[in-house]
Amino acid sequence: MQVNTPNVTTISRRNFVSGAAGALFTGAALLGAPAIVRAKTPIKVGLVHPVSGFLAYSGSQCRAGALMAIEEINRAGGIHSMGGAHLEPILGDARSRPDVGAAEVEKMNEAGVVAIVGAYASSIGLATTQRAAHHGIPHVVDVCVSDQIVNRGLENTFRFCPGYGTVARAAVDNLVKINDAAGGPARTAMIVHEESLFGTGTAKLLSAELPKAGFEILEIIRHPNPARDFNNIVLKIRARKPDIVIPANYYNEYILLARTLSQYRVRPMAIYSVLGGTASSYKFLKEFPKTARYIMDCNHWYDPEKKAAHDLRKKAEENGLFFSYELFLAYSATRLLADALERAASDDRADIIRALKASDWNDHFMPYGPTKFVNGQNQGARPLNTQILGKDIEVIYPDEYATAEAVFPVPASGLNDA
Amino acid sequence: MPDLDLLVPSAINGLTTGAIYAVIALGLTLIYGVLHIINFAHGSLLMLAMYGVFFLHSLFGIDPYVASLIMVPAMFVLGYSLQRGVIGHASHGKDENILLVTLGLAIVIDNLALYLWRSDTRIIDTPYAFATFEFGPVLVSTPKLIALFAAVAIAALFWLMMMRTDLGKAIRAVAKEKTGAQLVGINVEHVYAMSFGLGIACLGAAACLLLPTFYVSPQVGSAFVLIAFTVVVLGGMGSFTGAVLGGLIIGVTESLGGLYLGESLGQIGIFVLFILVLLFRPTGLMGQRT
């Protein structure tokens with residue numbers, strides 16, 4: 001194919017000389033100016049998320065959360081230690097594909113970002129952190145629960161929330177406590193998980209931990225993304241009659257699974273999600289209050305005592321958004337980065353990485369305490385157990401954060417009583 | 001010995017899912033098989049129809065099945081207008097241009113939907129969404145059973161239209177010999193637009209059958225369009241009976257494949273079947289040799 005380029009811009013000798021002189025003058029002026037003046041130029045922060053493709057809902061929620069944080073930071077005067085420099089978001093769409101996520105990082109590097117926040121899905125995060133490491137760009141991971149994210153020795157990668165190892169152990173520990181408190185009626189479980197890194201990894205960890213806690217795993221069922229139909233899976237669940245059904249999948253598939261369980265009148269003692277997301281989603285609760293009733297989740301959740309979380313929820317809802325884990329984790333990750341920029345007082349990538357390594361940020365609403373990163377993982381990060389009770393999502397475990405008592409086993413007329 | 005308690009419901013579920021594939025494929029087979037137009041925007045237009053059904057329900061409380069009285073004509077008008085106003089003009093009569101134009105349309109529609117409605121997954125709740133028919137121990141979803149009967153009825157209507165009406169004769173004439181049809185006074189551009197409109201009207205019907213049990217998002221079309229292409233080729237290009245048969249076979253194969261090979265590997269069955277048919281009957285199950 002031939003490409004015609006009729007309007008090629010030509011540069012005359014006069015233009016070149018005057019342009020070069022201008023550039024030299026500007027450069028000299030900037031180099032001579034105090035750091036504080038130089039830093040007043042906006043600080044470019046890359047936000048890479050899957051805002052199209054099958055993860056579009058979650059990716060868009062992440063992007064919205066990060067943008068809300070940037071807007072708040074800028075409104076509060078920007079990065080004070082850098083003369084009030086504002087954060088400028090550089091947006092990237094990973095299109096739900098790791099390779100596209102990596103390509104977006106390349107573009108962001110060209111655009112001169114000082115750091116990146118992203119990339120929601122573990123498979124995408126593996127690619128974006130790797131590419132960012134190649135360029136020495138600090139990368140704050142917002143969700144990406146696979147532990148491979150922080151186990152590769154990448155100096156640039158920092159995860160604020162817990163990985164699936166921590167979550168799976170907490171989920172099993174808490175399930176045992178909830179079951180014991182009810183007299184130990186549940187003995188068997190089935191796991192339904194999506195087939196990417198997140199679901200597969202979570203299922204693998206649970207299948208190792210649950211038998212140690214005395215649960216028999218009847219079957220582990222994997223499904224693709226997107227999945228059009230959950231009938232076969234529900235037929236299998238119906239035939240095997242597990243006490244607990246444990247889903248680990250993304251929003252759309254979770255909804256289809258929950259609705260199909262309702263349709264086929266499958267009533268286990270509990271639907272106990274691990275990183276199910278949807279199970280602790282206000283959107284799910286609002287749209288399907290009956291299907292959502294009594295569903296439990298062990299997931300990322302905020303400290304219900306913190307006013308800042310409720311303020312952010314109000315603000316999100318005023319903007320027509322649901323206050324989901326994607327939104328508040330990306331918001332928190334962006335604020336963590338802003339705190340590191342404040343401490344570094346520099347837009348140098350290496351300085352920001354040093355500031356993140358030494359971070360003890362505590363001005364957040366997650367139940368983590370001050371940040372402390374070891375190999376890029378925030379050591380205090382932990383999940384909470386929630387249950388959909390009445391018209392709200394309540395924290396049922398651990399006790400210090402609990403806002404309600406767990407209902408387990410769910411009443412015979414309860415779960416899936418559509 | 002297979003467990004009949006699983007096998008029978010799974011096969012029935014496959015039939016009902018396949019019925020939806022068949023309705024989507026009916027439109028595609030009319031456009032792709034008869035008029036030789038590769039409509040890459042089929043999935044995107046399905047998504048648009050699903051949003052139409054969703055908004056008719058959420059804004060005006062119109063039941064998805066009642067909405068078919070609005071959506072089918074609306075999608076027909078949209079299809080007719082697209083063919084006459086965009087595809088026909090932009091393609092300059094060349095098939096390879098049509099491919100690019102429909103691909104471009106798909107990109108525009110998908111991104112417009114993303115801009116207008118964001119990437120939120122939306123789903124409607126109807127009183128019968130969880131209703132089931134009980135055949136002994138077998139439970140069958142009522143909306144899916146309705147889809148099965150609707151698919152057969154739509155295919156029969158299409159067949160009658162093609163065989164017993166002047167429009168059907170004109171479509172068949174244009175499909176076989178465009179120049180000859182022009183010579184006997186058939187308005188080829190009008191027939192093209194009518195065919196495209198009818199093909200897209202099928203998507204209006206499919207959207208009404210899908211919404212009671214499925215979600216809509218700007219990406220939803222891609223979940224169905226590849227399967228619909230497979231159904232068209234499997235059934236035989238341009239064959240309505242083939243589209244229905246192909247849809248049902250693909251639905252059952254997918255369902256049983258998912259049951260015995262796992263949901264992730266279940267689709268292998270579809271493509272193994274597809275390759276076998278192409279090897280031993282390249283014109284498809286009901287296709288005619290030219």
# chains A, B, ... in the order shown; residues from 1 in each chain; ligands from 1
$ interface_residues --of "chain B" --to "chain A" --cutoff "10 Å" --atoms "only C-alpha atoms" --output "MDAnalysis selection string"
chainID B and resid 5:7 9:11 13:14 17 110:111 114 118:125 127:132 138:142 213:220 222:224 254:260 262:267
$ residues_around --residues "Phe158 of chain B" --least-positions-apart "3" --cutoff "10 Å" --atoms "only C-alpha atoms" --output "number ranges by chain"
B: 26-27, 30, 152-155, 161-164, 168, 198, 202, 240-241
$ write_last_selection --atoms "N, CA and C atoms" --output "tab-separated table (two decimals), in the first residue's frame"
chain	number	residue	atom	x	y	z
B	26	LEU	N	-29.60	-16.07	11.80
B	26	LEU	CA	-30.56	-15.90	10.71
B	26	LEU	C	-30.32	-14.57	9.99
B	27	GLY	N	-30.13	-13.53	10.77
B	27	GLY	CA	-29.85	-12.22	10.19
B	27	GLY	C	-28.55	-12.22	9.42
B	30	LEU	N	-28.74	-14.12	6.09
B	30	LEU	CA	-29.42	-13.36	5.03
B	30	LEU	C	-28.44	-12.35	4.41
B	152	VAL	N	-37.70	-20.85	16.23
B	152	VAL	CA	-38.31	-21.70	15.20
B	152	VAL	C	-39.36	-20.89	14.42
B	153	ALA	N	-40.15	-20.09	15.15
B	153	ALA	CA	-41.19	-19.28	14.50
B	153	ALA	C	-40.56	-18.24	13.56
B	154	ILE	N	-39.49	-17.60	14.02
B	154	ILE	CA	-38.83	-16.57	13.19
B	154	ILE	C	-38.26	-17.21	11.92
B	155	ALA	N	-37.65	-18.40	12.08
B	155	ALA	CA	-37.09	-19.09	10.91
B	155	ALA	C	-38.19	-19.44	9.92
B	161	MET	N	-41.42	-15.90	3.90
B	161	MET	CA	-41.16	-14.63	3.23
B	161	MET	C	-40.29	-14.85	1.97
B	162	MET	N	-39.27	-15.67	2.11
B	162	MET	CA	-38.37	-15.88	0.99
B	162	MET	C	-39.05	-16.67	-0.14
B	163	MET	N	-39.92	-17.59	0.22
B	163	MET	CA	-40.51	-18.49	-0.77
B	163	MET	C	-41.82	-17.96	-1.36
B	164	ARG	N	-42.58	-17.22	-0.56
B	164	ARG	CA	-43.94	-16.91	-0.99
B	164	ARG	C	-44.18	-15.44	-1.29
B	168	GLY	N	-39.17	-11.83	-1.34
B	168	GLY	CA	-38.32	-13.02	-1.21
B	168	GLY	C	-37.77	-13.44	-2.56
B	198	LEU	N	-33.80	-6.51	7.13
B	198	LEU	CA	-34.39	-7.72	7.71
B	198	LEU	C	-33.36	-8.46	8.59
B	202	CYS	N	-33.64	-9.06	12.79
B	202	CYS	CA	-33.46	-10.30	13.57
B	202	CYS	C	-32.74	-10.01	14.88
B	240	PHE	N	-31.76	-20.76	5.72
B	240	PHE	CA	-32.42	-20.45	7.00
B	240	PHE	C	-32.58	-21.70	7.85
B	241	THR	N	-32.94	-22.81	7.19
B	241	THR	CA	-33.05	-24.07	7.92
B	241	THR	C	-31.68	-24.42	8.50
$ atom_distance --atom1 "atom CA of Ala121 of chain A" --atom2 "atom CA of Asp351 of chain A"
27.0 Å
$ atom_distance --atom1 "atom CA of Leu112 of chain B" --atom2 "atom CA of Val72 of chain B"
21.5 Å
$ select_by_dssp --residues "segment 7-245 of chain B" --states "strand (DSSP E or B)" --output "number ranges by chain"
B: 122, 132-135, 138-141, 216
$ write_last_selection --atoms "C-alpha atoms" --output "JSON list (two decimals), in the first residue's frame"
[["chain", "number", "residue", "atom", "x", "y", "z"],
["B", 122, "ARG", "CA", -26.77, -3.53, 32.90],
["B", 132, "THR", "CA", -38.60, -22.50, 35.23],
["B", 133, "PHE", "CA", -40.58, -25.30, 33.65],
["B", 134, "GLU", "CA", -40.27, -28.62, 35.38],
["B", 135, "PHE", "CA", -40.11, -31.74, 33.24],
["B", 138, "VAL", "CA", -35.32, -31.41, 34.73],
["B", 139, "LEU", "CA", -35.68, -27.66, 35.22],
["B", 140, "VAL", "CA", -35.70, -25.51, 32.10],
["B", 141, "SER", "CA", -35.53, -21.73, 32.19],
["B", 216, "VAL", "CA", -25.85, -5.77, 28.24]]
$ residues_around --residues "segment 177-192 of chain B" --least-positions-apart "3" --cutoff "10 Å" --atoms "only C-alpha atoms" --output "ChimeraX atom specification"
/B:31,34-35,37,80,83-84,88,167-168,170-174,195-198
$ residues_around --residues "Val117 of chain A" --least-positions-apart "4" --cutoff "9 Å" --atoms "only C-alpha atoms" --output "JSON, numbers by chain"
{"A": [45, 46, 47, 48, 49, 66, 138, 139, 140, 141, 142, 330, 333, 334, 337]}
$ write_last_selection --atoms "N, CA and C atoms" --output "PDB file, in the first residue's frame"
ATOM      1  N   VAL A  45       1.172  11.654  35.670  1.00  0.00           N
ATOM      2  CA  VAL A  45       0.970  10.347  36.302  1.00  0.00           C
ATOM      3  C   VAL A  45       0.179   9.468  35.335  1.00  0.00           C
ATOM      4  N   GLY A  46       0.719   8.312  35.009  1.00  0.00           N
ATOM      5  CA  GLY A  46       0.032   7.404  34.089  1.00  0.00           C
ATOM      6  C   GLY A  46      -1.015   6.573  34.823  1.00  0.00           C
ATOM      7  N   LEU A  47      -2.206   6.509  34.245  1.00  0.00           N
ATOM      8  CA  LEU A  47      -3.261   5.639  34.801  1.00  0.00           C
ATOM      9  C   LEU A  47      -3.596   4.609  33.735  1.00  0.00           C
ATOM     10  N   VAL A  48      -3.160   3.377  33.944  1.00  0.00           N
ATOM     11  CA  VAL A  48      -3.429   2.349  32.934  1.00  0.00           C
ATOM     12  C   VAL A  48      -4.419   1.333  33.506  1.00  0.00           C
ATOM     13  N   HIS A  49      -5.562   1.236  32.808  1.00  0.00           N
ATOM     14  CA  HIS A  49      -6.619   0.327  33.252  1.00  0.00           C
ATOM     15  C   HIS A  49      -7.342  -0.265  32.035  1.00  0.00           C
ATOM     16  N   ALA A  66      -9.109   6.777  40.628  1.00  0.00           N
ATOM     17  CA  ALA A  66      -7.817   7.462  40.532  1.00  0.00           C
ATOM     18  C   ALA A  66      -8.015   8.931  40.153  1.00  0.00           C
ATOM     19  N   PRO A 138       8.256   4.163  38.689  1.00  0.00           N
ATOM     20  CA  PRO A 138       7.543   3.594  39.840  1.00  0.00           C
ATOM     21  C   PRO A 138       6.113   3.234  39.457  1.00  0.00           C
ATOM     22  N   HIS A 139       5.671   2.060  39.890  1.00  0.00           N
ATOM     23  CA  HIS A 139       4.332   1.569  39.518  1.00  0.00           C
ATOM     24  C   HIS A 139       3.597   1.190  40.804  1.00  0.00           C
ATOM     25  N   VAL A 140       2.563   1.953  41.119  1.00  0.00           N
ATOM     26  CA  VAL A 140       1.736   1.597  42.276  1.00  0.00           C
ATOM     27  C   VAL A 140       0.583   0.751  41.765  1.00  0.00           C
ATOM     28  N   VAL A 141       0.492  -0.470  42.298  1.00  0.00           N
ATOM     29  CA  VAL A 141      -0.528  -1.419  41.861  1.00  0.00           C
ATOM     30  C   VAL A 141      -1.800  -1.161  42.663  1.00  0.00           C
ATOM     31  N   ASP A 142      -2.919  -1.006  41.962  1.00  0.00           N
ATOM     32  CA  ASP A 142      -4.156  -0.693  42.692  1.00  0.00           C
ATOM     33  C   ASP A 142      -4.903  -1.935  43.165  1.00  0.00           C
ATOM     34  N   ALA A 330      -8.170   2.108  43.790  1.00  0.00           N
ATOM     35  CA  ALA A 330      -7.420   2.964  42.857  1.00  0.00           C
ATOM     36  C   ALA A 330      -7.280   4.374  43.438  1.00  0.00           C
ATOM     37  N   ALA A 333      -4.559   4.037  46.046  1.00  0.00           N
ATOM     38  CA  ALA A 333      -3.239   3.857  45.427  1.00  0.00           C
ATOM     39  C   ALA A 333      -2.717   5.192  44.894  1.00  0.00           C
ATOM     40  N   THR A 334      -3.604   6.004  44.345  1.00  0.00           N
ATOM     41  CA  THR A 334      -3.194   7.298  43.794  1.00  0.00           C
ATOM     42  C   THR A 334      -2.795   8.246  44.925  1.00  0.00           C
ATOM     43  N   LEU A 337       0.617   7.347  46.102  1.00  0.00           N
ATOM     44  CA  LEU A 337       1.639   7.894  45.202  1.00  0.00           C
ATOM     45  C   LEU A 337       1.843   9.390  45.464  1.00  0.00           C
TER      46      LEU A 337
END
$ atom_distance --atom1 "atom CA of Lys315 of chain A" --atom2 "atom CA of Ala64 of chain A"
11.4 Å
$ select_by_dssp --residues "segment 204-379 of chain A" --states "helix (DSSP H, G or I)" --output "ChimeraX atom specification"
/A:204-212,231-240,251-263,278-280,282-287,289-292,307-318,325-344,349-357
$ closest_residue --among "A:Pro289, A:Gly153, A:Pro411, A:Gly214" --to "Asn375 of chain A" --atoms "only C-alpha atoms"
A:Gly153
$ residues_around --residues "Pro409 of chain A" --least-positions-apart "2" --cutoff "9 Å" --atoms "only C-alpha atoms" --output "list in words"
Asn179, Ala182, Pro185, Ala186, Pro268, Met269, Ala270, Ala406, Val407, Pro411 and Ala412 of chain A
$ write_last_selection --atoms "N, CA and C atoms" --output "PDB file, in the first residue's frame"
ATOM      1  N   ASN A 179     -18.017 -20.891  60.725  1.00  0.00           N
ATOM      2  CA  ASN A 179     -18.618 -22.231  60.756  1.00  0.00           C
ATOM      3  C   ASN A 179     -18.629 -22.795  62.177  1.00  0.00           C
ATOM      4  N   ALA A 182     -21.218 -21.476  64.405  1.00  0.00           N
ATOM      5  CA  ALA A 182     -22.572 -21.984  64.130  1.00  0.00           C
ATOM      6  C   ALA A 182     -22.688 -23.467  64.476  1.00  0.00           C
ATOM      7  N   PRO A 185     -21.675 -26.783  60.923  1.00  0.00           N
ATOM      8  CA  PRO A 185     -22.551 -27.566  60.036  1.00  0.00           C
ATOM      9  C   PRO A 185     -21.956 -27.808  58.642  1.00  0.00           C
ATOM     10  N   ALA A 186     -21.062 -26.936  58.194  1.00  0.00           N
ATOM     11  CA  ALA A 186     -20.562 -27.047  56.810  1.00  0.00           C
ATOM     12  C   ALA A 186     -19.290 -27.885  56.761  1.00  0.00           C
ATOM     13  N   PRO A 268     -27.238 -23.542  48.945  1.00  0.00           N
ATOM     14  CA  PRO A 268     -26.212 -24.019  49.871  1.00  0.00           C
ATOM     15  C   PRO A 268     -26.326 -23.280  51.207  1.00  0.00           C
ATOM     16  N   MET A 269     -25.525 -23.704  52.181  1.00  0.00           N
ATOM     17  CA  MET A 269     -25.554 -23.006  53.479  1.00  0.00           C
ATOM     18  C   MET A 269     -25.036 -21.580  53.334  1.00  0.00           C
ATOM     19  N   ALA A 270     -24.145 -21.394  52.373  1.00  0.00           N
ATOM     20  CA  ALA A 270     -23.644 -20.037  52.119  1.00  0.00           C
ATOM     21  C   ALA A 270     -23.006 -19.963  50.748  1.00  0.00           C
ATOM     22  N   ALA A 406     -22.596 -12.338  61.621  1.00  0.00           N
ATOM     23  CA  ALA A 406     -22.801 -13.162  60.424  1.00  0.00           C
ATOM     24  C   ALA A 406     -24.086 -13.969  60.543  1.00  0.00           C
ATOM     25  N   VAL A 407     -24.802 -14.073  59.436  1.00  0.00           N
ATOM     26  CA  VAL A 407     -25.964 -14.970  59.384  1.00  0.00           C
ATOM     27  C   VAL A 407     -25.509 -16.229  58.649  1.00  0.00           C
ATOM     28  N   PRO A 411     -30.900 -18.694  56.349  1.00  0.00           N
ATOM     29  CA  PRO A 411     -32.204 -19.318  56.566  1.00  0.00           C
ATOM     30  C   PRO A 411     -32.674 -20.052  55.311  1.00  0.00           C
ATOM     31  N   ALA A 412     -33.405 -21.135  55.516  1.00  0.00           N
ATOM     32  CA  ALA A 412     -33.877 -21.947  54.380  1.00  0.00           C
ATOM     33  C   ALA A 412     -34.646 -21.108  53.366  1.00  0.00           C
TER      34      ALA A 412
END
$ closest_residue --among "A:Ser280, A:Ser81, A:Gln377, A:Thr157" --to "Ile393 of chain A" --atoms "only C-alpha atoms"
A:Ser280
$ closest_residue --among "A:Ile191, A:Glu305, A:Pro370, A:Asp348" --to "Tyr401 of chain A" --atoms "only C-alpha atoms"
A:Glu305
